[in-house]
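Peer 1: Following this line is structure_9.txt, made up of compact mmCIF, all heavy atoms:
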# COMPACT_ATOMS: atom_id res chain seq x y z
N MET A 1 99.03 101.19 100.40
CA MET A 1 97.99 101.59 101.33
C MET A 1 97.12 100.38 101.66
O MET A 1 96.59 99.72 100.77
CB MET A 1 97.15 102.69 100.69
CG MET A 1 96.09 103.23 101.61
SD MET A 1 95.37 104.75 100.99
CE MET A 1 94.01 104.13 100.06
N LYS A 2 97.00 100.07 102.93
CA LYS A 2 96.22 98.93 103.38
C LYS A 2 94.79 99.35 103.67
O LYS A 2 94.56 100.32 104.39
CB LYS A 2 96.86 98.34 104.63
CG LYS A 2 96.19 97.08 105.09
CD LYS A 2 96.92 96.49 106.27
CE LYS A 2 96.22 95.24 106.73
NZ LYS A 2 96.86 94.65 107.88
N ARG A 3 93.86 98.64 103.08
CA ARG A 3 92.45 98.93 103.32
C ARG A 3 91.94 98.08 104.46
O ARG A 3 92.29 96.91 104.59
CB ARG A 3 91.63 98.62 102.07
CG ARG A 3 91.90 99.59 100.96
CD ARG A 3 91.13 99.28 99.70
NE ARG A 3 89.86 98.63 99.95
CZ ARG A 3 89.14 98.04 99.01
NH1 ARG A 3 89.58 98.00 97.79
NH2 ARG A 3 87.99 97.46 99.29
N GLY A 4 91.10 98.65 105.29
CA GLY A 4 90.52 97.90 106.39
C GLY A 4 89.29 97.13 105.95
O GLY A 4 88.84 97.22 104.81
N ILE A 5 88.73 96.38 106.87
CA ILE A 5 87.50 95.63 106.60
C ILE A 5 86.32 96.60 106.65
O ILE A 5 86.21 97.42 107.55
CB ILE A 5 87.34 94.51 107.64
CG1 ILE A 5 88.52 93.55 107.56
CG2 ILE A 5 86.03 93.77 107.42
CD1 ILE A 5 88.55 92.52 108.66
N GLN A 6 85.46 96.50 105.66
CA GLN A 6 84.32 97.39 105.54
C GLN A 6 83.31 97.15 106.68
O GLN A 6 83.18 96.02 107.16
CB GLN A 6 83.63 97.18 104.19
CG GLN A 6 84.51 97.49 103.01
CD GLN A 6 84.89 98.96 102.97
OE1 GLN A 6 84.07 99.83 103.19
NE2 GLN A 6 86.16 99.22 102.71
N PRO A 7 82.59 98.20 107.12
CA PRO A 7 81.62 98.05 108.20
C PRO A 7 80.56 96.99 107.95
O PRO A 7 80.19 96.25 108.86
CB PRO A 7 80.99 99.44 108.32
CG PRO A 7 82.03 100.37 107.79
CD PRO A 7 82.74 99.59 106.71
N ALA A 8 80.07 96.89 106.71
CA ALA A 8 79.05 95.88 106.40
C ALA A 8 79.62 94.48 106.60
O ALA A 8 78.94 93.58 107.10
CB ALA A 8 78.54 96.05 104.98
N THR A 9 80.87 94.28 106.21
CA THR A 9 81.52 92.98 106.38
C THR A 9 81.73 92.69 107.87
O THR A 9 81.55 91.55 108.31
CB THR A 9 82.87 92.94 105.63
OG1 THR A 9 82.63 93.24 104.26
CG2 THR A 9 83.53 91.58 105.75
N LEU A 10 82.07 93.70 108.63
CA LEU A 10 82.23 93.52 110.08
C LEU A 10 80.92 93.07 110.72
O LEU A 10 80.91 92.21 111.60
CB LEU A 10 82.73 94.80 110.74
CG LEU A 10 84.18 95.16 110.48
CD1 LEU A 10 84.49 96.54 111.05
CD2 LEU A 10 85.11 94.11 111.07
N ARG A 11 79.81 93.66 110.28
CA ARG A 11 78.50 93.26 110.81
C ARG A 11 78.20 91.80 110.46
O ARG A 11 77.70 91.05 111.31
CB ARG A 11 77.40 94.17 110.28
CG ARG A 11 77.36 95.52 110.94
CD ARG A 11 76.10 96.30 110.62
NE ARG A 11 75.96 96.60 109.19
CZ ARG A 11 76.52 97.65 108.60
NH1 ARG A 11 77.22 98.50 109.30
NH2 ARG A 11 76.35 97.85 107.31
N GLN A 12 78.52 91.40 109.22
CA GLN A 12 78.30 90.02 108.82
C GLN A 12 79.19 89.08 109.63
O GLN A 12 78.75 88.00 110.05
CB GLN A 12 78.57 89.83 107.33
CG GLN A 12 77.52 90.43 106.44
CD GLN A 12 77.84 90.25 104.98
OE1 GLN A 12 79.01 90.31 104.58
NE2 GLN A 12 76.83 90.06 104.18
N MET A 13 80.43 89.47 109.84
CA MET A 13 81.36 88.65 110.62
C MET A 13 80.84 88.49 112.04
O MET A 13 80.88 87.39 112.61
CB MET A 13 82.75 89.27 110.63
CG MET A 13 83.48 89.18 109.31
SD MET A 13 84.98 90.16 109.26
CE MET A 13 85.96 89.43 110.55
N ASP A 14 80.35 89.57 112.62
CA ASP A 14 79.83 89.54 113.98
C ASP A 14 78.61 88.63 114.07
O ASP A 14 78.48 87.82 114.99
CB ASP A 14 79.48 90.96 114.42
CG ASP A 14 79.17 91.05 115.89
OD1 ASP A 14 79.90 90.45 116.70
OD2 ASP A 14 78.17 91.72 116.23
N ARG A 15 77.72 88.74 113.10
CA ARG A 15 76.52 87.90 113.07
C ARG A 15 76.89 86.43 112.91
O ARG A 15 76.35 85.57 113.61
CB ARG A 15 75.62 88.36 111.91
CG ARG A 15 74.38 87.53 111.72
CD ARG A 15 73.27 87.95 112.66
NE ARG A 15 72.05 87.26 112.28
CZ ARG A 15 71.43 86.40 113.06
NH1 ARG A 15 71.87 86.18 114.27
NH2 ARG A 15 70.34 85.79 112.66
N LEU A 16 77.82 86.15 112.02
CA LEU A 16 78.26 84.77 111.81
C LEU A 16 78.91 84.21 113.08
O LEU A 16 78.62 83.08 113.49
CB LEU A 16 79.24 84.70 110.63
CG LEU A 16 79.81 83.32 110.31
CD1 LEU A 16 78.72 82.32 110.00
CD2 LEU A 16 80.80 83.43 109.16
N ALA A 17 79.75 84.99 113.71
CA ALA A 17 80.40 84.54 114.95
C ALA A 17 79.36 84.27 116.03
O ALA A 17 79.46 83.27 116.76
CB ALA A 17 81.40 85.59 115.42
N ASP A 18 78.34 85.11 116.14
CA ASP A 18 77.28 84.89 117.12
C ASP A 18 76.52 83.60 116.83
O ASP A 18 76.23 82.82 117.75
CB ASP A 18 76.29 86.06 117.13
CG ASP A 18 76.85 87.30 117.79
OD1 ASP A 18 77.87 87.19 118.52
OD2 ASP A 18 76.26 88.38 117.59
N LEU A 19 76.18 83.37 115.56
CA LEU A 19 75.46 82.15 115.20
C LEU A 19 76.29 80.91 115.51
O LEU A 19 75.77 79.93 116.06
CB LEU A 19 75.10 82.18 113.71
CG LEU A 19 73.95 83.11 113.32
CD1 LEU A 19 73.87 83.22 111.80
CD2 LEU A 19 72.64 82.61 113.89
N MET A 20 77.56 80.94 115.17
CA MET A 20 78.41 79.78 115.42
C MET A 20 78.60 79.56 116.92
O MET A 20 78.60 78.43 117.39
CB MET A 20 79.75 79.93 114.71
CG MET A 20 79.64 79.99 113.18
SD MET A 20 78.74 78.63 112.43
CE MET A 20 79.99 77.36 112.49
N ALA A 21 78.73 80.64 117.68
CA ALA A 21 78.88 80.52 119.13
C ALA A 21 77.60 79.99 119.79
O ALA A 21 77.67 79.30 120.81
CB ALA A 21 79.25 81.87 119.74
N ASP A 22 76.47 80.28 119.18
CA ASP A 22 75.18 79.81 119.71
C ASP A 22 74.87 78.38 119.30
O ASP A 22 73.79 77.87 119.59
CB ASP A 22 74.05 80.73 119.27
CG ASP A 22 74.10 82.09 119.97
OD1 ASP A 22 74.76 82.19 121.02
OD2 ASP A 22 73.47 83.03 119.45
N GLY A 23 75.79 77.73 118.59
CA GLY A 23 75.64 76.32 118.28
C GLY A 23 75.13 76.02 116.88
O GLY A 23 74.66 74.90 116.63
N CYS A 24 75.20 76.97 115.99
CA CYS A 24 74.81 76.71 114.60
C CYS A 24 75.73 75.60 114.07
O CYS A 24 76.95 75.70 114.19
CB CYS A 24 74.95 77.98 113.77
SG CYS A 24 74.15 77.87 112.18
N PRO A 25 75.16 74.53 113.49
CA PRO A 25 75.97 73.36 113.16
C PRO A 25 76.94 73.51 111.99
O PRO A 25 77.89 72.74 111.89
CB PRO A 25 74.92 72.29 112.85
CG PRO A 25 73.71 73.06 112.43
CD PRO A 25 73.75 74.35 113.21
N SER A 26 76.71 74.48 111.09
CA SER A 26 77.60 74.58 109.93
C SER A 26 77.56 75.99 109.35
O SER A 26 76.65 76.78 109.64
CB SER A 26 77.18 73.59 108.85
OG SER A 26 75.93 73.96 108.31
N ILE A 27 78.56 76.27 108.52
CA ILE A 27 78.60 77.56 107.82
C ILE A 27 77.41 77.66 106.87
O ILE A 27 76.82 78.72 106.70
CB ILE A 27 79.93 77.71 107.05
CG1 ILE A 27 81.12 77.64 107.99
CG2 ILE A 27 79.95 79.00 106.24
CD1 ILE A 27 81.22 78.78 108.96
N THR A 28 77.03 76.54 106.26
CA THR A 28 75.89 76.53 105.34
C THR A 28 74.61 76.93 106.06
O THR A 28 73.83 77.74 105.57
CB THR A 28 75.73 75.13 104.70
OG1 THR A 28 76.95 74.78 104.06
CG2 THR A 28 74.59 75.10 103.72
N GLU A 29 74.39 76.36 107.23
CA GLU A 29 73.20 76.70 108.02
C GLU A 29 73.25 78.16 108.46
O GLU A 29 72.24 78.87 108.44
CB GLU A 29 73.10 75.78 109.25
CG GLU A 29 71.92 76.07 110.15
CD GLU A 29 70.56 75.77 109.52
OE1 GLU A 29 70.50 74.97 108.57
OE2 GLU A 29 69.57 76.34 109.97
N ALA A 30 74.42 78.63 108.85
CA ALA A 30 74.57 80.03 109.25
C ALA A 30 74.28 80.96 108.07
O ALA A 30 73.61 81.99 108.24
CB ALA A 30 75.97 80.29 109.78
N ALA A 31 74.75 80.61 106.89
CA ALA A 31 74.47 81.42 105.70
C ALA A 31 72.97 81.50 105.45
O ALA A 31 72.44 82.58 105.14
CB ALA A 31 75.18 80.84 104.48
N TYR A 32 72.28 80.38 105.61
CA TYR A 32 70.84 80.36 105.44
C TYR A 32 70.16 81.28 106.46
O TYR A 32 69.28 82.07 106.11
CB TYR A 32 70.31 78.93 105.57
CG TYR A 32 68.81 78.83 105.53
CD1 TYR A 32 68.13 78.93 104.32
CD2 TYR A 32 68.08 78.65 106.69
CE1 TYR A 32 66.75 78.85 104.28
CE2 TYR A 32 66.70 78.58 106.66
CZ TYR A 32 66.04 78.67 105.45
OH TYR A 32 64.68 78.60 105.42
N ARG A 33 70.57 81.18 107.72
CA ARG A 33 69.97 82.01 108.78
C ARG A 33 70.28 83.49 108.59
O ARG A 33 69.49 84.34 108.97
CB ARG A 33 70.46 81.55 110.15
CG ARG A 33 69.96 80.18 110.53
CD ARG A 33 70.45 79.78 111.89
NE ARG A 33 70.12 78.39 112.19
CZ ARG A 33 70.38 77.81 113.35
NH1 ARG A 33 70.99 78.49 114.31
NH2 ARG A 33 70.05 76.55 113.54
N MET A 34 71.46 83.78 108.02
CA MET A 34 71.84 85.18 107.76
C MET A 34 71.21 85.71 106.48
O MET A 34 71.31 86.89 106.19
CB MET A 34 73.37 85.28 107.62
CG MET A 34 74.12 85.02 108.90
SD MET A 34 75.91 84.88 108.62
CE MET A 34 76.31 86.47 107.93
N ARG A 35 70.61 84.80 105.71
CA ARG A 35 70.04 85.14 104.41
C ARG A 35 71.10 85.74 103.47
O ARG A 35 70.93 86.80 102.89
CB ARG A 35 68.85 86.06 104.55
CG ARG A 35 67.72 85.35 105.29
CD ARG A 35 66.48 86.10 105.37
NE ARG A 35 65.34 85.48 105.95
CZ ARG A 35 65.23 84.72 107.02
NH1 ARG A 35 66.29 84.37 107.66
NH2 ARG A 35 64.09 84.26 107.46
N THR A 36 72.20 85.03 103.40
CA THR A 36 73.31 85.43 102.54
C THR A 36 73.79 84.20 101.77
O THR A 36 73.31 83.09 102.00
CB THR A 36 74.44 86.08 103.35
OG1 THR A 36 75.38 86.66 102.45
CG2 THR A 36 75.16 85.10 104.25
N THR A 37 74.73 84.39 100.89
CA THR A 37 75.24 83.27 100.11
C THR A 37 76.27 82.47 100.90
O THR A 37 76.89 82.98 101.84
CB THR A 37 75.90 83.75 98.81
OG1 THR A 37 77.04 84.54 99.14
CG2 THR A 37 74.94 84.57 97.97
N GLN A 38 76.45 81.24 100.48
CA GLN A 38 77.47 80.38 101.09
C GLN A 38 78.86 81.00 100.91
O GLN A 38 79.68 80.98 101.82
CB GLN A 38 77.43 79.00 100.42
CG GLN A 38 78.52 78.06 100.86
CD GLN A 38 78.29 77.50 102.24
OE1 GLN A 38 77.16 77.24 102.59
NE2 GLN A 38 79.35 77.33 102.99
N GLN A 39 79.10 81.59 99.75
CA GLN A 39 80.39 82.20 99.45
C GLN A 39 80.68 83.36 100.41
O GLN A 39 81.79 83.49 100.93
CB GLN A 39 80.41 82.70 98.02
CG GLN A 39 81.73 83.31 97.61
CD GLN A 39 81.71 83.80 96.16
OE1 GLN A 39 80.66 83.85 95.53
NE2 GLN A 39 82.87 84.15 95.66
N THR A 40 79.68 84.18 100.69
CA THR A 40 79.86 85.31 101.61
C THR A 40 80.13 84.80 103.02
O THR A 40 81.02 85.31 103.71
CB THR A 40 78.61 86.21 101.60
OG1 THR A 40 78.43 86.72 100.28
CG2 THR A 40 78.76 87.37 102.58
N ALA A 41 79.40 83.78 103.44
CA ALA A 41 79.61 83.22 104.78
C ALA A 41 81.01 82.60 104.88
O ALA A 41 81.69 82.77 105.90
CB ALA A 41 78.54 82.18 105.09
N ASP A 42 81.45 81.90 103.85
CA ASP A 42 82.80 81.31 103.85
C ASP A 42 83.86 82.41 103.95
O ASP A 42 84.84 82.27 104.68
CB ASP A 42 83.04 80.48 102.59
CG ASP A 42 82.35 79.14 102.63
OD1 ASP A 42 82.07 78.64 103.73
OD2 ASP A 42 82.10 78.59 101.54
N ARG A 43 83.67 83.48 103.18
CA ARG A 43 84.64 84.59 103.21
C ARG A 43 84.70 85.22 104.60
O ARG A 43 85.78 85.49 105.13
CB ARG A 43 84.26 85.64 102.16
CG ARG A 43 85.26 86.75 102.03
CD ARG A 43 84.93 87.68 100.87
NE ARG A 43 83.53 88.04 100.78
CZ ARG A 43 82.98 89.10 101.37
NH1 ARG A 43 83.72 89.90 102.09
NH2 ARG A 43 81.71 89.36 101.24
N CYS A 44 83.55 85.42 105.21
CA CYS A 44 83.52 85.99 106.56
C CYS A 44 84.20 85.07 107.56
O CYS A 44 84.94 85.52 108.43
CB CYS A 44 82.07 86.24 107.00
SG CYS A 44 81.30 87.64 106.20
N TRP A 45 83.97 83.76 107.43
CA TRP A 45 84.58 82.80 108.34
C TRP A 45 86.10 82.80 108.21
O TRP A 45 86.82 82.74 109.20
CB TRP A 45 84.01 81.41 108.10
CG TRP A 45 84.39 80.42 109.14
CD1 TRP A 45 85.17 79.32 108.98
CD2 TRP A 45 84.03 80.45 110.53
NE1 TRP A 45 85.31 78.66 110.18
CE2 TRP A 45 84.63 79.33 111.14
CE3 TRP A 45 83.26 81.31 111.31
CZ2 TRP A 45 84.47 79.06 112.50
CZ3 TRP A 45 83.12 81.03 112.66
CH2 TRP A 45 83.72 79.93 113.24
N GLN A 46 86.58 82.92 106.98
CA GLN A 46 88.03 83.01 106.76
C GLN A 46 88.60 84.27 107.40
O GLN A 46 89.68 84.24 108.00
CB GLN A 46 88.35 82.98 105.27
CG GLN A 46 88.13 81.63 104.64
CD GLN A 46 88.31 81.67 103.13
OE1 GLN A 46 88.47 82.72 102.53
NE2 GLN A 46 88.27 80.50 102.51
N LEU A 47 87.89 85.38 107.29
CA LEU A 47 88.35 86.63 107.91
C LEU A 47 88.37 86.51 109.43
O LEU A 47 89.30 86.98 110.09
CB LEU A 47 87.45 87.80 107.49
CG LEU A 47 87.60 88.27 106.05
CD1 LEU A 47 86.48 89.24 105.69
CD2 LEU A 47 88.95 88.89 105.81
N ILE A 48 87.35 85.87 110.00
CA ILE A 48 87.30 85.67 111.45
C ILE A 48 88.50 84.84 111.89
O ILE A 48 89.20 85.20 112.85
CB ILE A 48 85.98 84.98 111.86
CG1 ILE A 48 84.81 85.95 111.68
CG2 ILE A 48 86.06 84.48 113.30
CD1 ILE A 48 83.45 85.28 111.79
N ARG A 49 88.75 83.72 111.20
CA ARG A 49 89.87 82.87 111.56
C ARG A 49 91.20 83.60 111.43
O ARG A 49 92.09 83.44 112.26
CB ARG A 49 89.87 81.61 110.70
CG ARG A 49 88.74 80.68 111.09
CD ARG A 49 88.65 79.41 110.28
NE ARG A 49 89.93 78.93 109.80
CZ ARG A 49 90.09 78.36 108.61
NH1 ARG A 49 89.08 78.22 107.81
NH2 ARG A 49 91.28 77.93 108.24
N ARG A 50 91.35 84.43 110.39
CA ARG A 50 92.58 85.17 110.20
C ARG A 50 92.79 86.17 111.34
O ARG A 50 93.89 86.28 111.88
CB ARG A 50 92.54 85.92 108.86
CG ARG A 50 93.85 86.61 108.55
CD ARG A 50 93.80 87.37 107.24
NE ARG A 50 93.20 86.59 106.17
CZ ARG A 50 92.48 87.13 105.19
NH1 ARG A 50 92.27 88.42 105.14
NH2 ARG A 50 91.98 86.36 104.25
N GLU A 51 91.74 86.87 111.72
CA GLU A 51 91.87 87.86 112.80
C GLU A 51 92.15 87.18 114.14
O GLU A 51 92.95 87.67 114.94
CB GLU A 51 90.60 88.71 112.89
CG GLU A 51 90.41 89.64 111.71
CD GLU A 51 91.56 90.62 111.53
OE1 GLU A 51 92.04 91.19 112.54
OE2 GLU A 51 92.00 90.80 110.39
N LEU A 52 91.52 86.04 114.38
CA LEU A 52 91.79 85.30 115.63
C LEU A 52 93.23 84.81 115.65
O LEU A 52 93.86 84.79 116.71
CB LEU A 52 90.82 84.14 115.79
CG LEU A 52 89.38 84.53 116.13
CD1 LEU A 52 88.49 83.29 116.13
CD2 LEU A 52 89.31 85.24 117.47
N GLY A 53 93.74 84.40 114.52
CA GLY A 53 95.13 83.96 114.43
C GLY A 53 96.09 85.08 114.77
O GLY A 53 97.10 84.87 115.43
N ARG A 54 95.80 86.27 114.31
CA ARG A 54 96.65 87.42 114.62
C ARG A 54 96.65 87.74 116.11
O ARG A 54 97.65 88.13 116.67
CB ARG A 54 96.19 88.64 113.84
CG ARG A 54 96.52 88.59 112.37
CD ARG A 54 96.11 89.85 111.68
NE ARG A 54 96.32 89.70 110.25
CZ ARG A 54 95.63 90.33 109.33
NH1 ARG A 54 94.65 91.14 109.69
NH2 ARG A 54 95.87 90.14 108.06
N GLN A 55 95.48 87.55 116.75
CA GLN A 55 95.40 87.84 118.18
C GLN A 55 96.13 86.78 119.01
O GLN A 55 96.60 87.07 120.10
CB GLN A 55 93.93 87.88 118.60
CG GLN A 55 93.18 89.07 118.06
CD GLN A 55 91.71 89.04 118.43
OE1 GLN A 55 91.30 88.26 119.28
NE2 GLN A 55 90.93 89.89 117.80
N ALA A 56 96.22 85.58 118.47
CA ALA A 56 96.85 84.48 119.22
C ALA A 56 98.37 84.59 119.25
O ALA A 56 99.02 84.00 120.10
CB ALA A 56 96.45 83.14 118.61
N VAL A 57 98.94 85.35 118.35
CA VAL A 57 100.41 85.45 118.27
C VAL A 57 100.94 86.34 119.36
O VAL A 57 100.39 87.22 119.85
CB VAL A 57 100.84 85.96 116.88
CG1 VAL A 57 102.33 86.24 116.86
CG2 VAL A 57 100.46 84.97 115.84
Reformat the file's structure so that it appears as structure tokens.
Peer 2:
Amino acid sequence: MKRGIQPATLRQMDRLADLMADGCPSITEAAYRMRTTQQTADRCWQLIRRELGRQAV
């Protein structure tokens, strides 16, 4: 059984994507602006890249 991405994680991914699109210089800076940990921001960024890769195929 495949589990989907949780709604809270989707919100974080959306927020991170918005920050990066608006010119945030790094994942570290985005994590600070989101008031979350660097690890959480890195995980969200990996999920975003994975989903974009699936759409590109």
Peer 1: List as a list in words the protein and nucleic acid residues near stretch 34-49 of chain A, meaning an atom at most 4.5 Å away when all atoms listed in the file are counted, but skip any in the same chain fewer than 2 places from it.
Peer 2: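 My reading of the contact set: Thr9, Gln12, Met13, Arg15, Leu16, Ala17, Leu19, Met20, Ile27, Thr28, Ala30, Ala31, Tyr32, Glu51, Leu52 and Gly53 of chain A.
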Peer 1: Using backbone DSSP assignments, extract all helix (DSSP H, G or I) residues from chain A; output them as a ChimeraX atom specification.
Peer 2: /A:7-21,27-34,38-56
Peer 1: Grab the atom CA of A:Asp22 to atom O of A:Arg3 distance for me, in Å with one decimal place.
Peer 2: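 The value is 28.5 Å.
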Peer 1: If you measure from atom CD of A:Arg54 to atom CA of A:Asp14, what distance in Å do you get, rounded to one decimal?
Peer 2: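 Computing it gives 16.4 Å between the two atoms.
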Peer 1: Take atom CA of A:Gln55 and atom CD2 of A:Leu10 and report the distance between them in Å, one decimal.
Peer 2: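 Separating atom CA of A:Gln55 from atom CD2 of A:Leu10 is a distance of 14.0 Å.
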Peer 1: Would you compute, for all listed atoms of stretch 1-11 of chain A, the axis-aligned bounding box grown by 3 Å on each side, and then report its centre and edge lengths in Å rounded to one decimal, as lines of an AutoDock Vina configuration file?
Peer 2:
center_x = 87.5
center_y = 97.9
center_z = 104.7
size_x = 29.1
size_y = 19.7
size_z = 19.8
